[in-house]
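*Asks:* Just input-v2.tsv, nothing more (TSV, N, CA and C atoms and all ligand atoms):
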chain	number	residue	atom	x	y	z
A	1	MET	N	-5.72	-6.64	4.36
A	1	MET	CA	-5.29	-5.28	4.71
A	1	MET	C	-3.97	-4.96	4.00
A	2	PRO	N	-3.95	-3.88	3.29
A	2	PRO	CA	-2.73	-3.55	2.52
A	2	PRO	C	-1.61	-2.99	3.36
A	3	ILE	N	-0.43	-3.14	2.85
A	3	ILE	CA	0.74	-2.58	3.50
A	3	ILE	C	1.10	-1.27	2.82
A	4	TYR	N	1.34	-0.26	3.62
A	4	TYR	CA	1.73	1.03	3.09
A	4	TYR	C	3.15	1.33	3.54
A	5	GLU	N	3.88	1.97	2.65
A	5	GLU	CA	5.26	2.32	2.99
A	5	GLU	C	5.34	3.81	3.25
A	6	TYR	N	6.07	4.13	4.29
A	6	TYR	CA	6.22	5.53	4.67
A	6	TYR	C	7.70	5.89	4.76
A	7	THR	N	7.96	7.14	4.48
A	7	THR	CA	9.31	7.63	4.66
A	7	THR	C	9.26	8.79	5.64
A	8	CYS	N	10.11	8.72	6.64
A	8	CYS	CA	10.13	9.75	7.67
A	8	CYS	C	10.66	11.07	7.09
A	9	ASP	N	9.94	12.14	7.39
A	9	ASP	CA	10.37	13.45	6.90
A	9	ASP	C	11.58	13.96	7.66
A	10	SER	N	11.77	13.47	8.85
A	10	SER	CA	12.85	13.98	9.69
A	10	SER	C	14.16	13.22	9.50
A	11	CYS	N	14.10	11.89	9.53
A	11	CYS	CA	15.34	11.13	9.49
A	11	CYS	C	15.43	10.22	8.27
A	12	SER	N	14.46	10.33	7.37
A	12	SER	CA	14.45	9.53	6.14
A	12	SER	C	14.36	8.03	6.37
A	13	ASN	N	13.99	7.66	7.56
A	13	ASN	CA	13.78	6.25	7.84
A	13	ASN	C	12.60	5.73	7.03
A	14	LYS	N	12.75	4.52	6.48
A	14	LYS	CA	11.65	3.91	5.74
A	14	LYS	C	11.07	2.77	6.54
A	15	PHE	N	9.77	2.75	6.58
A	15	PHE	CA	9.12	1.67	7.30
A	15	PHE	C	7.76	1.42	6.66
A	16	ASP	N	7.20	0.26	6.93
A	16	ASP	CA	5.87	0.04	6.40
A	16	ASP	C	4.90	-0.36	7.49
A	17	LYS	N	3.65	-0.12	7.17
A	17	LYS	CA	2.60	-0.36	8.14
A	17	LYS	C	1.46	-1.09	7.47
A	18	LEU	N	0.91	-2.01	8.23
A	18	LEU	CA	-0.27	-2.70	7.77
A	18	LEU	C	-1.46	-1.96	8.36
A	19	ARG	N	-2.28	-1.41	7.48
A	19	ARG	CA	-3.41	-0.66	8.03
A	19	ARG	C	-4.57	-0.63	7.04
A	20	PRO	N	-5.75	-0.37	7.54
A	20	PRO	CA	-6.92	-0.35	6.66
A	20	PRO	C	-6.82	0.76	5.63
A	21	VAL	N	-7.45	0.54	4.50
A	21	VAL	CA	-7.45	1.55	3.43
A	21	VAL	C	-8.00	2.87	3.94
A	22	THR	N	-8.96	2.80	4.80
A	22	THR	CA	-9.59	4.01	5.31
A	22	THR	C	-8.64	4.86	6.14
A	23	ARG	N	-7.54	4.25	6.56
A	23	ARG	CA	-6.60	5.00	7.38
A	23	ARG	C	-5.27	5.25	6.68
A	24	MET	N	-5.25	5.02	5.39
A	24	MET	CA	-3.97	5.08	4.69
A	24	MET	C	-3.33	6.46	4.71
A	25	ASP	N	-4.15	7.48	4.88
A	25	ASP	CA	-3.59	8.84	4.89
A	25	ASP	C	-3.40	9.39	6.31
A	26	ASP	N	-3.67	8.57	7.27
A	26	ASP	CA	-3.42	9.00	8.64
A	26	ASP	C	-1.92	9.15	8.88
A	27	ALA	N	-1.60	9.99	9.81
A	27	ALA	CA	-0.19	10.15	10.15
A	27	ALA	C	0.37	8.84	10.69
A	28	ALA	N	1.56	8.51	10.25
A	28	ALA	CA	2.24	7.33	10.75
A	28	ALA	C	3.56	7.78	11.36
A	29	PRO	N	3.61	7.85	12.65
A	29	PRO	CA	4.84	8.32	13.31
A	29	PRO	C	6.01	7.39	13.03
A	30	CYS	N	7.14	7.99	12.78
A	30	CYS	CA	8.35	7.22	12.53
A	30	CYS	C	8.72	6.41	13.77
A	31	PRO	N	8.98	5.12	13.60
A	31	PRO	CA	9.33	4.27	14.74
A	31	PRO	C	10.70	4.62	15.33
A	32	ALA	N	11.50	5.31	14.56
A	32	ALA	CA	12.83	5.65	15.03
A	32	ALA	C	12.86	6.96	15.80
A	33	CYS	N	12.16	7.97	15.26
A	33	CYS	CA	12.26	9.29	15.89
A	33	CYS	C	10.90	9.90	16.20
A	34	GLU	N	9.82	9.16	15.89
A	34	GLU	CA	8.46	9.65	16.14
A	34	GLU	C	8.09	10.86	15.30
A	35	GLY	N	8.88	11.13	14.28
A	35	GLY	CA	8.61	12.27	13.42
A	35	GLY	C	7.49	11.98	12.44
A	36	ASP	N	7.10	13.02	11.71
A	36	ASP	CA	6.07	12.84	10.70
A	36	ASP	C	6.65	12.09	9.50
A	37	SER	N	5.78	11.37	8.83
A	37	SER	CA	6.26	10.64	7.66
A	37	SER	C	5.30	10.84	6.50
A	38	SER	N	5.79	10.55	5.31
A	38	SER	CA	4.97	10.67	4.12
A	38	SER	C	4.73	9.29	3.55
A	39	ARG	N	3.52	9.07	3.11
A	39	ARG	CA	3.20	7.78	2.53
A	39	ARG	C	3.77	7.67	1.12
A	40	GLN	N	4.36	6.54	0.83
A	40	GLN	CA	4.87	6.30	-0.52
A	40	GLN	C	3.81	5.58	-1.33
A	41	LEU	N	3.76	5.90	-2.60
A	41	LEU	CA	2.70	5.33	-3.43
A	41	LEU	C	3.12	4.07	-4.18
A	42	SER	N	4.40	3.85	-4.27
A	42	SER	CA	4.89	2.78	-5.13
A	42	SER	C	4.54	1.39	-4.63
A	43	VAL	N	4.30	1.26	-3.37
A	43	VAL	CA	4.07	-0.06	-2.80
A	43	VAL	C	2.89	-0.79	-3.41
A	44	PHE	N	1.88	-0.03	-3.77
A	44	PHE	CA	0.69	-0.66	-4.35
A	44	PHE	C	1.01	-1.58	-5.50
A	45	ALA	N	1.76	-1.03	-6.44
A	45	ALA	CA	2.06	-1.79	-7.65
A	45	ALA	C	2.87	-3.03	-7.30
A	46	VAL	N	3.86	-2.86	-6.49
A	46	VAL	CA	4.71	-3.96	-6.10
A	46	VAL	C	3.90	-5.03	-5.37
A	47	TYR	N	3.12	-4.56	-4.48
A	47	TYR	CA	2.39	-5.49	-3.65
A	47	TYR	C	1.33	-6.26	-4.43
A	48	SER	N	0.56	-5.55	-5.26
A	48	SER	CA	-0.52	-6.23	-5.96
A	48	SER	C	0.00	-7.18	-7.03
A	49	SER	N	1.15	-6.85	-7.62
A	49	SER	CA	1.67	-7.76	-8.64
A	49	SER	C	2.29	-8.99	-8.00
A	50	GLY	N	2.69	-8.84	-6.76
A	50	GLY	CA	3.33	-9.96	-6.09
A	50	GLY	C	2.34	-10.90	-5.44
A	51	SER	N	1.18	-10.39	-5.14
A	51	SER	CA	0.21	-11.25	-4.47
A	51	SER	C	-0.50	-12.15	-5.47
A	52	ASP	N	-0.78	-13.31	-5.05
A	52	ASP	CA	-1.34	-14.28	-5.96
A	52	ASP	C	-2.81	-14.52	-5.64
A	53	GLY	N	-3.54	-13.42	-5.57
A	53	GLY	CA	-4.94	-13.53	-5.22
A	53	GLY	C	-5.13	-13.62	-3.72
A	54	GLU	N	-4.03	-13.67	-3.01
A	54	GLU	CA	-4.09	-13.75	-1.57
A	54	GLU	C	-4.71	-12.48	-1.00
A	55	MET	N	-4.36	-11.37	-1.62
A	55	MET	CA	-4.90	-10.09	-1.22
A	55	MET	C	-5.80	-9.61	-2.34
A	56	SER	N	-7.03	-10.03	-2.36
A	56	SER	CA	-7.87	-9.76	-3.51
A	56	SER	C	-8.37	-8.33	-3.55
A	57	ALA	N	-8.45	-7.68	-2.41
A	57	ALA	CA	-8.90	-6.30	-2.41
A	57	ALA	C	-7.77	-5.37	-2.82
A	58	VAL	N	-7.95	-4.75	-3.97
A	58	VAL	CA	-6.93	-3.82	-4.43
A	58	VAL	C	-7.24	-2.44	-3.83
A	59	PRO	N	-6.32	-1.97	-3.00
A	59	PRO	CA	-6.58	-0.72	-2.29
A	59	PRO	C	-6.72	0.47	-3.21
A	60	GLY	N	-7.69	1.29	-2.94
A	60	GLY	CA	-7.85	2.52	-3.69
A	60	GLY	C	-8.46	2.34	-5.06
A	61	GLY	N	-8.66	1.14	-5.46
A	61	GLY	CA	-9.12	0.95	-6.83
A	61	GLY	C	-10.29	0.00	-6.95
A	62	GLY	N	-10.20	-0.82	-7.91
A	62	GLY	CA	-11.25	-1.74	-8.32
A	62	GLY	C	-12.01	-2.43	-7.22
A	63	GLY	N	-11.58	-3.58	-6.83
A	63	GLY	CA	-12.34	-4.33	-5.86
A	63	GLY	C	-13.46	-5.11	-6.55
A	64	GLY	N	-13.72	-4.79	-7.80
A	64	GLY	CA	-14.79	-5.47	-8.50
A	64	GLY	C	-14.36	-6.80	-9.11
A	65	CYS	N	-13.07	-7.00	-9.19
A	65	CYS	CA	-12.57	-8.20	-9.84
A	65	CYS	C	-11.96	-9.15	-8.83
A	66	GLY	N	-12.57	-10.28	-8.63
A	66	GLY	CA	-12.03	-11.20	-7.64
A	66	GLY	C	-11.31	-12.36	-8.27
A	67	GLY	N	-11.40	-12.50	-9.58
A	67	GLY	CA	-10.89	-13.71	-10.19
A	67	GLY	C	-9.70	-13.54	-11.09
A	68	CYS	N	-9.07	-12.38	-11.08
A	68	CYS	CA	-7.97	-12.21	-12.01
A	68	CYS	C	-6.66	-12.75	-11.46
A	69	GLY	N	-5.88	-13.28	-12.33
A	69	GLY	CA	-4.59	-13.81	-11.94
A	69	GLY	C	-3.57	-12.71	-11.92
A	70	PRO	N	-2.37	-13.07	-11.46
A	70	PRO	CA	-1.29	-12.09	-11.38
A	70	PRO	C	-0.84	-11.64	-12.76
A	71	GLY	N	-0.63	-10.36	-12.92
A	71	GLY	CA	-0.04	-9.86	-14.15
A	71	GLY	C	-1.03	-9.42	-15.20
A	72	GLY	N	-1.97	-10.24	-15.54
A	72	GLY	CA	-2.77	-9.93	-16.73
A	72	GLY	C	-4.14	-9.34	-16.48
A	73	CYS	N	-4.30	-8.69	-15.36
A	73	CYS	CA	-5.64	-8.21	-15.06
A	73	CYS	C	-5.85	-6.76	-15.45
A	74	ALA	N	-6.87	-6.51	-16.22
A	74	ALA	CA	-7.15	-5.16	-16.68
A	74	ALA	C	-7.65	-4.27	-15.55
A	75	CYS	N	-8.34	-4.84	-14.60
A	75	CYS	CA	-8.91	-4.01	-13.54
A	75	CYS	C	-7.85	-3.47	-12.60
A	76	SER	N	-6.73	-4.15	-12.49
A	76	SER	CA	-5.68	-3.61	-11.63
A	76	SER	C	-4.89	-2.53	-12.35
A	77	MET	N	-5.01	-2.49	-13.65
A	77	MET	CA	-4.29	-1.48	-14.42
A	77	MET	C	-5.06	-0.17	-14.47
A	78	SER	N	-6.32	-0.20	-14.21
A	78	SER	CA	-7.15	0.97	-14.40
A	78	SER	C	-7.30	1.80	-13.13
A	79	VAL	N	-6.58	1.46	-12.12
A	79	VAL	CA	-6.68	2.20	-10.86
A	79	VAL	C	-6.22	3.63	-11.04
A	101	ZN	ZN	12.31	9.39	11.75
Once more with this new file: its structure as structure tokens, please.
Ligand SMILES: [Zn+2]
*Replies:*
Amino acid sequence: MPIYEYTCDSCSNKFDKLRPVTRMDDAAPCPACEGDSSRQLSVFAVYSSGSDGEMSAVPGGGGGCGGCGPGGCACSMSV
């Protein structure tokens, strides 16, 4: 399950949530003020490059490649 990062629209608090891909666009209330937040997109790249095959399902993209190592995979670049 991928981690998504959100930024609160009200207090600019940043937090992340572990949630299914199917729910990535659901509202994530800010833990500090319960306000609305916006999902940040940058986490994907950081997260997938840091994982060492531990998280083989690349959210929003491929999923067809299970055997690529960190860094040099073409399928993670084509998302
Ligand atoms: Zn907030």
*Asks:* Set the cut-off to 8 Å, count only N, CA and C atoms and all ligand atoms, and list whatever residues fall near ligand ZN 101 (chain A) as a list in words.
*Replies:*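 Listed by chain and ascending number, the contacts are Thr7, Cys8, Asp9, Ser10, Cys11, Ser12, Asn13, Lys14, Pro29, Cys30, Pro31, Ala32, Cys33, Glu34, Gly35, Asp36 and Ser37 of chain A.
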*Asks:* What does the structure give for the distance between atom C of Ser38 (chain A) and atom N of Met1 (chain A), in Å to one decimal?
*Replies:*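 Atom-to-atom, atom C of Ser38 (chain A) to atom N of Met1 (chain A), that is 19.1 Å.
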*Asks:* Atom N of Gln40 (chain A) and atom N of Glu5 (chain A), how far apart in Å?
*Replies:*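 Atom N of Glu5 (chain A) sits 4.9 Å away from atom N of Gln40 (chain A).
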